[in-house]
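Structure file my_file-v6.tsv; described as TSV, C-alpha atoms and all ligand atoms.
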```tsv
chain	number	residue	atom	x	y	z
A	22	MET	CA	113.12	145.09	3.33
A	23	PHE	CA	116.55	143.99	2.02
A	24	HIS	CA	117.33	142.43	5.41
A	25	LEU	CA	114.10	140.46	5.32
A	26	LEU	CA	114.78	139.12	1.83
A	27	ASP	CA	118.34	138.19	2.79
A	28	ASP	CA	117.05	136.33	5.80
A	29	MET	CA	114.62	134.41	3.60
A	30	TYR	CA	117.48	133.56	1.26
A	31	ARG	CA	119.64	132.27	4.11
A	32	ILE	CA	116.78	130.05	5.30
A	33	LYS	CA	116.47	128.58	1.79
A	34	VAL	CA	120.23	127.88	1.59
A	35	TRP	CA	120.21	126.30	5.02
A	36	LYS	CA	117.25	124.07	4.11
A	37	SER	CA	118.93	122.97	0.85
A	38	LEU	CA	122.17	122.18	2.71
A	39	CYS	CA	120.37	120.17	5.37
A	40	SER	CA	118.44	118.16	2.81
A	41	GLY	CA	121.50	117.65	0.55
A	42	ASN	CA	119.57	119.19	-2.32
A	43	PHE	CA	122.52	120.62	-4.23
A	44	LYS	CA	120.53	121.04	-7.43
A	45	ALA	CA	118.27	123.46	-5.59
A	46	MET	CA	121.34	125.17	-4.20
A	47	SER	CA	122.71	125.81	-7.68
A	48	LYS	CA	119.60	127.82	-8.41
A	49	LEU	CA	120.41	129.95	-5.40
A	50	SER	CA	123.47	131.53	-6.98
A	51	PRO	CA	124.21	134.97	-5.52
A	52	LEU	CA	123.25	136.48	-8.87
A	53	ASN	CA	119.81	135.12	-8.23
A	54	TRP	CA	119.48	136.57	-4.75
A	55	PRO	CA	116.25	138.49	-4.31
A	56	VAL	CA	118.18	141.51	-3.13
A	57	VAL	CA	120.32	141.45	-6.29
A	58	ARG	CA	117.22	141.15	-8.44
A	59	GLN	CA	115.70	144.07	-6.57
A	60	VAL	CA	118.75	146.26	-7.14
A	61	LYS	CA	119.01	145.24	-10.80
A	62	ARG	CA	115.36	146.13	-11.43
A	63	GLY	CA	115.40	149.26	-9.27
A	64	ASP	CA	112.66	147.70	-7.19
A	65	LEU	CA	113.44	149.34	-3.86
A	66	PHE	CA	110.42	148.07	-1.96
A	67	GLY	CA	110.23	144.59	-3.47
A	68	ARG	CA	106.83	145.08	-4.98
A	69	ASP	CA	107.34	143.91	-8.53
A	70	LYS	CA	108.46	140.62	-10.11
A	71	SER	CA	111.95	140.76	-8.58
A	72	THR	CA	110.58	139.03	-5.50
A	73	GLN	CA	108.47	136.51	-7.38
A	74	SER	CA	109.50	132.87	-7.27
A	75	ALA	CA	109.48	130.69	-10.39
A	76	LYS	CA	106.73	128.63	-8.77
A	77	SER	CA	104.39	131.54	-8.11
A	78	GLU	CA	105.12	132.95	-11.58
A	79	ASN	CA	103.48	129.90	-13.11
A	80	LEU	CA	100.45	129.90	-10.83
A	81	HIS	CA	97.09	130.99	-12.21
A	82	GLY	CA	93.51	131.06	-11.02
A	83	ARG	CA	90.97	128.29	-11.65
A	84	THR	CA	88.85	130.78	-13.56
A	85	VAL	CA	91.45	130.93	-16.36
A	86	GLU	CA	90.90	127.25	-17.16
A	87	ALA	CA	87.09	127.45	-17.31
A	88	ASP	CA	85.31	126.54	-20.57
A	89	LYS	CA	82.40	128.84	-19.80
A	90	VAL	CA	80.92	131.15	-17.17
A	91	VAL	CA	77.26	130.87	-16.21
A	92	GLN	CA	75.29	133.49	-14.28
A	93	SER	CA	73.38	132.14	-11.31
A	94	VAL	CA	71.89	133.03	-7.92
A	95	CYS	CA	73.32	131.96	-4.57
A	96	PRO	CA	71.19	129.08	-3.26
A	97	TYR	CA	71.71	129.76	0.43
A	98	CYS	CA	69.38	132.58	1.40
A	99	ALA	CA	66.64	134.89	0.20
A	100	VAL	CA	68.96	137.86	-0.37
A	101	GLY	CA	69.59	136.29	-3.77
A	102	CYS	CA	73.14	137.47	-4.43
A	103	SER	CA	74.28	136.89	-8.00
A	104	GLN	CA	77.04	134.49	-8.83
A	105	ARG	CA	79.34	133.64	-11.69
A	106	VAL	CA	79.75	129.91	-11.99
A	107	TYR	CA	82.90	128.75	-13.80
A	108	VAL	CA	82.54	125.41	-15.57
A	109	LYS	CA	85.20	123.14	-17.01
A	110	ASP	CA	84.40	119.77	-18.64
A	111	ASP	CA	80.80	120.10	-17.38
A	112	ARG	CA	82.01	120.43	-13.81
A	113	VAL	CA	81.80	123.52	-11.58
A	114	VAL	CA	85.35	124.60	-10.78
A	115	HIS	CA	84.77	127.97	-9.14
A	116	ILE	CA	82.00	130.31	-7.99
A	117	GLU	CA	82.41	134.01	-7.31
A	118	GLY	CA	80.25	137.14	-6.96
A	119	ASP	CA	78.85	138.74	-10.10
A	120	SER	CA	79.89	142.39	-10.28
A	121	ASP	CA	77.14	143.06	-12.87
A	122	SER	CA	74.44	142.36	-10.28
A	123	PRO	CA	72.52	145.43	-9.06
A	124	ILE	CA	71.64	143.43	-5.91
A	125	SER	CA	75.00	142.31	-4.62
A	126	ARG	CA	77.46	144.15	-6.91
A	127	GLY	CA	79.99	141.32	-6.90
A	128	ARG	CA	79.84	140.56	-3.21
A	129	LEU	CA	79.14	137.23	-1.54
A	130	CYS	CA	79.07	136.49	2.17
A	131	PRO	CA	81.35	133.66	3.40
A	132	LYS	CA	78.56	131.13	2.93
A	133	GLY	CA	77.88	132.18	-0.65
A	134	ALA	CA	81.60	132.38	-1.40
A	135	ALA	CA	81.97	128.75	-0.30
A	136	SER	CA	79.04	127.45	-2.34
A	137	GLU	CA	81.37	125.60	-4.76
A	138	GLN	CA	81.84	123.19	-1.86
A	139	LEU	CA	78.08	122.61	-1.80
A	140	VAL	CA	78.14	121.58	-5.45
A	141	ASN	CA	81.23	119.38	-5.31
A	142	SER	CA	81.00	117.97	-1.79
A	143	ALA	CA	81.79	114.25	-1.63
A	144	THR	CA	78.95	113.89	0.90
A	145	ARG	CA	76.33	115.51	-1.34
A	146	LEU	CA	73.27	113.32	-1.92
A	147	THR	CA	72.33	113.14	-5.58
A	148	LYS	CA	69.48	110.62	-5.32
A	149	VAL	CA	66.13	110.83	-3.55
A	150	LYS	CA	66.22	108.84	-0.32
A	151	TYR	CA	63.05	107.16	0.95
A	152	ARG	CA	62.43	105.22	4.13
A	153	ALA	CA	59.11	103.40	4.08
A	154	PRO	CA	56.97	103.30	7.24
A	155	HIS	CA	58.54	100.96	9.83
A	156	ALA	CA	61.52	100.28	7.56
A	157	THR	CA	65.00	100.50	9.03
A	158	GLU	CA	66.84	101.15	5.76
A	159	TRP	CA	66.74	103.98	3.24
A	160	GLN	CA	66.17	103.19	-0.40
A	161	ASP	CA	66.92	105.21	-3.54
A	162	LEU	CA	64.01	106.47	-5.61
A	163	ASP	CA	64.02	108.08	-9.01
A	164	LEU	CA	62.78	111.66	-8.97
A	165	GLU	CA	59.62	111.00	-10.97
A	166	THR	CA	58.45	108.27	-8.57
A	167	ALA	CA	59.18	110.49	-5.57
A	168	MET	CA	57.25	113.42	-7.06
A	169	ASP	CA	54.24	111.17	-7.76
A	170	MET	CA	54.31	109.90	-4.17
A	171	ILE	CA	54.38	113.46	-2.80
A	172	ALA	CA	51.51	114.52	-5.06
A	173	ASP	CA	49.42	111.50	-3.99
A	174	ARG	CA	49.97	112.28	-0.30
A	175	PHE	CA	49.23	115.97	-0.81
A	176	ILE	CA	45.90	115.22	-2.52
A	177	ALA	CA	44.91	112.57	0.03
A	178	SER	CA	45.72	114.77	3.05
A	179	ARG	CA	43.86	117.70	1.56
A	180	ARG	CA	40.80	115.56	0.90
A	181	ASN	CA	40.80	113.77	4.27
A	182	GLN	CA	41.15	116.96	6.30
A	183	TRP	CA	38.85	119.19	4.27
A	184	GLU	CA	36.52	121.49	6.27
A	185	ASP	CA	33.46	123.10	4.65
A	186	PHE	CA	32.08	124.85	7.77
A	187	ASP	CA	33.07	125.54	11.36
A	188	GLU	CA	30.97	124.49	14.37
A	189	LYS	CA	28.84	127.64	14.04
A	190	GLY	CA	28.07	126.97	10.41
A	191	ARG	CA	30.38	129.60	9.00
A	192	VAL	CA	31.98	128.81	5.65
A	193	LEU	CA	35.63	127.69	5.88
A	194	ASN	CA	36.49	125.90	2.64
A	195	ARG	CA	39.95	124.97	3.91
A	196	THR	CA	42.16	122.04	4.76
A	197	MET	CA	44.23	121.69	7.90
A	198	GLY	CA	45.88	118.57	6.55
A	199	VAL	CA	48.47	120.39	4.46
A	200	ALA	CA	50.97	123.07	5.47
A	201	GLY	CA	53.84	124.78	3.71
A	202	LEU	CA	57.13	125.66	5.40
A	203	GLY	CA	59.71	127.20	3.11
A	204	GLY	CA	63.44	127.34	3.73
A	205	ALA	CA	65.89	130.19	3.32
A	206	THR	CA	67.09	128.87	0.00
A	207	LEU	CA	63.80	129.70	-1.67
A	208	ASP	CA	63.83	132.96	-3.57
A	209	ASN	CA	61.01	135.47	-4.00
A	210	GLU	CA	59.63	133.90	-7.15
A	211	GLU	CA	59.56	130.37	-5.73
A	212	ASN	CA	57.81	131.60	-2.58
A	213	TYR	CA	55.25	133.43	-4.70
A	214	ILE	CA	54.40	130.26	-6.60
A	215	ILE	CA	54.30	128.13	-3.43
A	216	LYS	CA	51.95	130.58	-1.71
A	217	LYS	CA	49.66	130.62	-4.77
A	218	LEU	CA	49.60	126.80	-4.95
A	219	PHE	CA	48.91	126.23	-1.25
A	220	THR	CA	46.26	128.94	-1.02
A	221	ALA	CA	44.52	127.59	-4.14
A	222	ALA	CA	44.57	124.13	-2.53
A	223	GLY	CA	42.82	125.49	0.58
A	224	ALA	CA	45.83	125.42	2.94
A	225	VAL	CA	45.96	128.25	5.45
A	226	GLN	CA	49.27	127.38	7.11
A	227	VAL	CA	51.94	128.73	4.81
A	228	GLU	CA	55.20	129.96	6.33
A	229	ASN	CA	58.78	130.63	5.44
A	230	GLN	CA	61.84	130.53	7.63
A	231	ALA	CA	63.60	133.47	5.99
A	232	ARG	CA	63.01	137.02	7.16
A	233	ILE	CA	64.32	139.59	4.72
B	301	LIG	S1	73.96	133.32	1.65
B	301	LIG	FE1	75.25	135.16	1.51
B	301	LIG	S2	75.92	135.25	-0.63
B	301	LIG	FE2	74.19	133.82	-0.53
B	301	LIG	S3	72.38	135.07	-1.03
B	301	LIG	FE3	72.59	135.05	1.23
B	301	LIG	S4	73.81	136.89	1.71
B	301	LIG	FE4	74.06	136.47	-0.49
```
When written as structure tokens, how does the structure in this file appear?
Amino acid sequence: MFHLLDDMYRIKVWKSLCSGNFKAMSKLSPLNWPVVRQVKRGDLFGRDKSTQSAKSENLHGRTVEADKVVQSVCPYCAVGCSQRVYVKDDRVVHIEGDSDSPISRGRLCPKGAASEQLVNSATRLTKVKYRAPHATEWQDLDLETAMDMIADRFIASRRNQWEDFDEKGRVLNRTMGVAGLGGATLDNEENYIIKKLFTAAGAVQVENQARI
């Protein structure tokens, strides 16, 4: 261990000499050698602060700077692992597993652990995009307009494709003009509501991509 630390020290001195950084060299006085610090502190295996650099001493996690922590659910799949979302100045700065969760007990898979990148990605779309029939360009829509357009199409398709009876006269009371296909980001509760809505509307084609 001492040999390793001495080697690291020699590399630092050599780098400082090559770059002419004599100020940095002055900090590398023999009294400041890691091995000397280890001996002085009785830290035989170099496991305490004797091996810590001034730079790493001042490092701290992003969670320390957060104004508040909000409990949430991972948006990526139907497992529904719990998350702690750290917020600073109304901006998400870090997301980690919530150890209080009986479902995931603090764990997140790599996808869930990287979900801060989903929130803060520079390529994230934050406006509804609409391309009209035959148009070549996308246009931005406000959410309320987009929701009204979806509702109008839903009602029209349901009405236009409504079937009272089949060819043998048996009662159907269904529409084949509307179908539901959920994604993995939907949780149990959302799927429950979607299934209720589509079934009440007479749709018989209701599916979800997730299989848990
Ligand atoms: S994507 Fe990973 S972390 Fe997120 S809910 Fe699914 S299993 Fe959990």
Could you tell me, counting all atoms listed in the file, which protein and nucleic acid residues lie no more than 9 Å from ligand LIG 301 (chain B), written as a ChimeraX atom specification? /A:94-104,118,125,128-136,205-206
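Neighbouring residues of A:Gly82 at 10 Å or closer, counting only C-alpha atoms and skipping chain neighbours under 4 positions away, are Glu86, Ala87 and His115 of chain A.
Coordinates place atom CA of A:Ser74 at a distance of 14.0 Å from atom CA of A:Ser50.
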Exercise: stretch 190-203 of chain A partners within 9 Å, all atoms listed in the file, chain neighbours under 3 positions left out, as number ranges by chain: A: 175, 177-187, 206-207, 212, 215-216, 219-220, 222-231
Grab the residues selected above and save them as a compact mmCIF listing (two decimals), in the coordinates of the input with C-alpha atoms.
```txt
# COMPACT_ATOMS: atom_id res chain seq x y z
CA PHE A 175 49.23 115.97 -0.81
CA ALA A 177 44.91 112.57 0.03
CA SER A 178 45.72 114.77 3.05
CA ARG A 179 43.86 117.70 1.56
CA ARG A 180 40.80 115.56 0.90
CA ASN A 181 40.80 113.77 4.27
CA GLN A 182 41.15 116.96 6.30
CA TRP A 183 38.85 119.19 4.27
CA GLU A 184 36.52 121.49 6.27
CA ASP A 185 33.46 123.10 4.65
CA PHE A 186 32.08 124.85 7.77
CA ASP A 187 33.07 125.54 11.36
CA THR A 206 67.09 128.87 0.00
CA LEU A 207 63.80 129.70 -1.67
CA ASN A 212 57.81 131.60 -2.58
CA ILE A 215 54.30 128.13 -3.43
CA LYS A 216 51.95 130.58 -1.71
CA PHE A 219 48.91 126.23 -1.25
CA THR A 220 46.26 128.94 -1.02
CA ALA A 222 44.57 124.13 -2.53
CA GLY A 223 42.82 125.49 0.58
CA ALA A 224 45.83 125.42 2.94
CA VAL A 225 45.96 128.25 5.45
CA GLN A 226 49.27 127.38 7.11
CA VAL A 227 51.94 128.73 4.81
CA GLU A 228 55.20 129.96 6.33
CA ASN A 229 58.78 130.63 5.44
CA GLN A 230 61.84 130.53 7.63
CA ALA A 231 63.60 133.47 5.99
```
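For the pair atom CA of A:Lys76 and atom CA of A:Gln59, the interatomic distance is 18.0 Å.
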Atom CA of A:Glu117 to atom CA of A:Val140, distance in Å rounded to a single decimal: 13.3 Å
Using all atoms listed in the file, which residues sit within 10 Å of A:Thr147 once same-chain residues fewer than 3 positions away are excluded, as an mmCIF file with C-alpha atoms, keeping the file's coordinate frame?
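Output (around.cif):
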```
data_model
loop_
_atom_site.group_PDB
_atom_site.id
_atom_site.type_symbol
_atom_site.label_atom_id
_atom_site.label_comp_id
_atom_site.auth_asym_id
_atom_site.auth_seq_id
_atom_site.Cartn_x
_atom_site.Cartn_y
_atom_site.Cartn_z
ATOM 1 C CA THR A 144 78.950 113.890 0.900
ATOM 2 C CA LYS A 150 66.220 108.840 -0.320
ATOM 3 C CA ASP A 161 66.920 105.210 -3.540
#
```
Name the residues within 8 Å of (64.7, 104.0, -4.2), counting all atoms listed in the file in the file's coordinates, and put them as a PDB file with C-alpha atoms, in the frame of the given file.
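Result went into part25.pdb, see below:
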```
ATOM      1  CA  VAL A 149      66.130 110.830  -3.550  1.00  0.00           C
ATOM      2  CA  LYS A 150      66.220 108.840  -0.320  1.00  0.00           C
ATOM      3  CA  TYR A 151      63.050 107.160   0.950  1.00  0.00           C
ATOM      4  CA  TRP A 159      66.740 103.980   3.240  1.00  0.00           C
ATOM      5  CA  GLN A 160      66.170 103.190  -0.400  1.00  0.00           C
ATOM      6  CA  ASP A 161      66.920 105.210  -3.540  1.00  0.00           C
ATOM      7  CA  LEU A 162      64.010 106.470  -5.610  1.00  0.00           C
ATOM      8  CA  ASP A 163      64.020 108.080  -9.010  1.00  0.00           C
TER       9      ASP A 163
END
```
With N, CA and C atoms as the goal, would you fill in the gaps in stretch 183-204 of chain A and present it as a PDB file, in the frame of the given file?
```
ATOM      1  N   TRP A 183      39.572 118.033   4.806  1.00  0.00           N
ATOM      2  CA  TRP A 183      38.850 119.190   4.270  1.00  0.00           C
ATOM      3  C   TRP A 183      37.738 119.620   5.213  1.00  0.00           C
ATOM      4  N   GLU A 184      37.573 120.952   5.392  1.00  0.00           N
ATOM      5  CA  GLU A 184      36.520 121.490   6.270  1.00  0.00           C
ATOM      6  C   GLU A 184      35.676 122.487   5.467  1.00  0.00           C
ATOM      7  N   ASP A 185      34.358 122.168   5.355  1.00  0.00           N
ATOM      8  CA  ASP A 185      33.460 123.100   4.650  1.00  0.00           C
ATOM      9  C   ASP A 185      33.006 124.239   5.575  1.00  0.00           C
ATOM     10  N   PHE A 186      32.627 123.861   6.822  1.00  0.00           N
ATOM     11  CA  PHE A 186      32.080 124.850   7.770  1.00  0.00           C
ATOM     12  C   PHE A 186      32.700 124.643   9.155  1.00  0.00           C
ATOM     13  N   ASP A 187      32.651 125.717   9.971  1.00  0.00           N
ATOM     14  CA  ASP A 187      33.070 125.540  11.360  1.00  0.00           C
ATOM     15  C   ASP A 187      31.856 125.124  12.202  1.00  0.00           C
ATOM     16  N   GLU A 188      32.045 125.005  13.506  1.00  0.00           N
ATOM     17  CA  GLU A 188      30.970 124.490  14.370  1.00  0.00           C
ATOM     18  C   GLU A 188      29.764 125.421  14.429  1.00  0.00           C
ATOM     19  N   LYS A 189      29.957 126.699  14.036  1.00  0.00           N
ATOM     20  CA  LYS A 189      28.840 127.640  14.040  1.00  0.00           C
ATOM     21  C   LYS A 189      28.196 127.775  12.661  1.00  0.00           C
ATOM     22  N   GLY A 190      28.663 126.949  11.731  1.00  0.00           N
ATOM     23  CA  GLY A 190      28.070 126.970  10.410  1.00  0.00           C
ATOM     24  C   GLY A 190      28.685 127.997   9.459  1.00  0.00           C
ATOM     25  N   ARG A 191      29.745 128.621   9.882  1.00  0.00           N
ATOM     26  CA  ARG A 191      30.380 129.600   9.000  1.00  0.00           C
ATOM     27  C   ARG A 191      31.253 128.883   7.955  1.00  0.00           C
ATOM     28  N   VAL A 192      31.252 129.454   6.750  1.00  0.00           N
ATOM     29  CA  VAL A 192      31.980 128.810   5.650  1.00  0.00           C
ATOM     30  C   VAL A 192      33.498 128.878   5.909  1.00  0.00           C
ATOM     31  N   LEU A 193      34.164 127.741   5.743  1.00  0.00           N
ATOM     32  CA  LEU A 193      35.630 127.690   5.880  1.00  0.00           C
ATOM     33  C   LEU A 193      36.308 127.418   4.542  1.00  0.00           C
ATOM     34  N   ASN A 194      35.847 126.328   3.903  1.00  0.00           N
ATOM     35  CA  ASN A 194      36.490 125.900   2.640  1.00  0.00           C
ATOM     36  C   ASN A 194      38.006 125.862   2.770  1.00  0.00           C
ATOM     37  N   ARG A 195      38.503 125.047   3.672  1.00  0.00           N
ATOM     38  CA  ARG A 195      39.950 124.970   3.910  1.00  0.00           C
ATOM     39  C   ARG A 195      40.336 123.547   4.285  1.00  0.00           C
ATOM     40  N   THR A 196      41.635 123.316   4.240  1.00  0.00           N
ATOM     41  CA  THR A 196      42.160 122.040   4.760  1.00  0.00           C
ATOM     42  C   THR A 196      43.218 122.342   5.799  1.00  0.00           C
ATOM     43  N   MET A 197      43.178 121.583   6.891  1.00  0.00           N
ATOM     44  CA  MET A 197      44.230 121.690   7.900  1.00  0.00           C
ATOM     45  C   MET A 197      45.202 120.523   7.786  1.00  0.00           C
ATOM     46  N   GLY A 198      45.037 119.748   6.717  1.00  0.00           N
ATOM     47  CA  GLY A 198      45.880 118.570   6.550  1.00  0.00           C
ATOM     48  C   GLY A 198      47.163 118.850   5.772  1.00  0.00           C
ATOM     49  N   VAL A 199      47.296 120.056   5.250  1.00  0.00           N
ATOM     50  CA  VAL A 199      48.470 120.390   4.460  1.00  0.00           C
ATOM     51  C   VAL A 199      49.025 121.730   4.954  1.00  0.00           C
ATOM     52  N   ALA A 200      50.329 121.810   5.072  1.00  0.00           N
ATOM     53  CA  ALA A 200      50.970 123.070   5.470  1.00  0.00           C
ATOM     54  C   ALA A 200      52.243 123.253   4.656  1.00  0.00           C
ATOM     55  N   GLY A 201      52.608 124.480   4.447  1.00  0.00           N
ATOM     56  CA  GLY A 201      53.840 124.780   3.710  1.00  0.00           C
ATOM     57  C   GLY A 201      54.833 125.482   4.614  1.00  0.00           C
ATOM     58  N   LEU A 202      56.077 124.983   4.644  1.00  0.00           N
ATOM     59  CA  LEU A 202      57.130 125.660   5.400  1.00  0.00           C
ATOM     60  C   LEU A 202      58.350 125.779   4.487  1.00  0.00           C
ATOM     61  N   GLY A 203      58.599 126.982   4.040  1.00  0.00           N
ATOM     62  CA  GLY A 203      59.710 127.200   3.110  1.00  0.00           C
ATOM     63  C   GLY A 203      61.021 127.390   3.859  1.00  0.00           C
ATOM     64  N   GLY A 204      62.108 127.140   3.155  1.00  0.00           N
ATOM     65  CA  GLY A 204      63.440 127.340   3.730  1.00  0.00           C
ATOM     66  C   GLY A 204      64.082 128.588   3.147  1.00  0.00           C
TER      67      GLY A 204
END
```
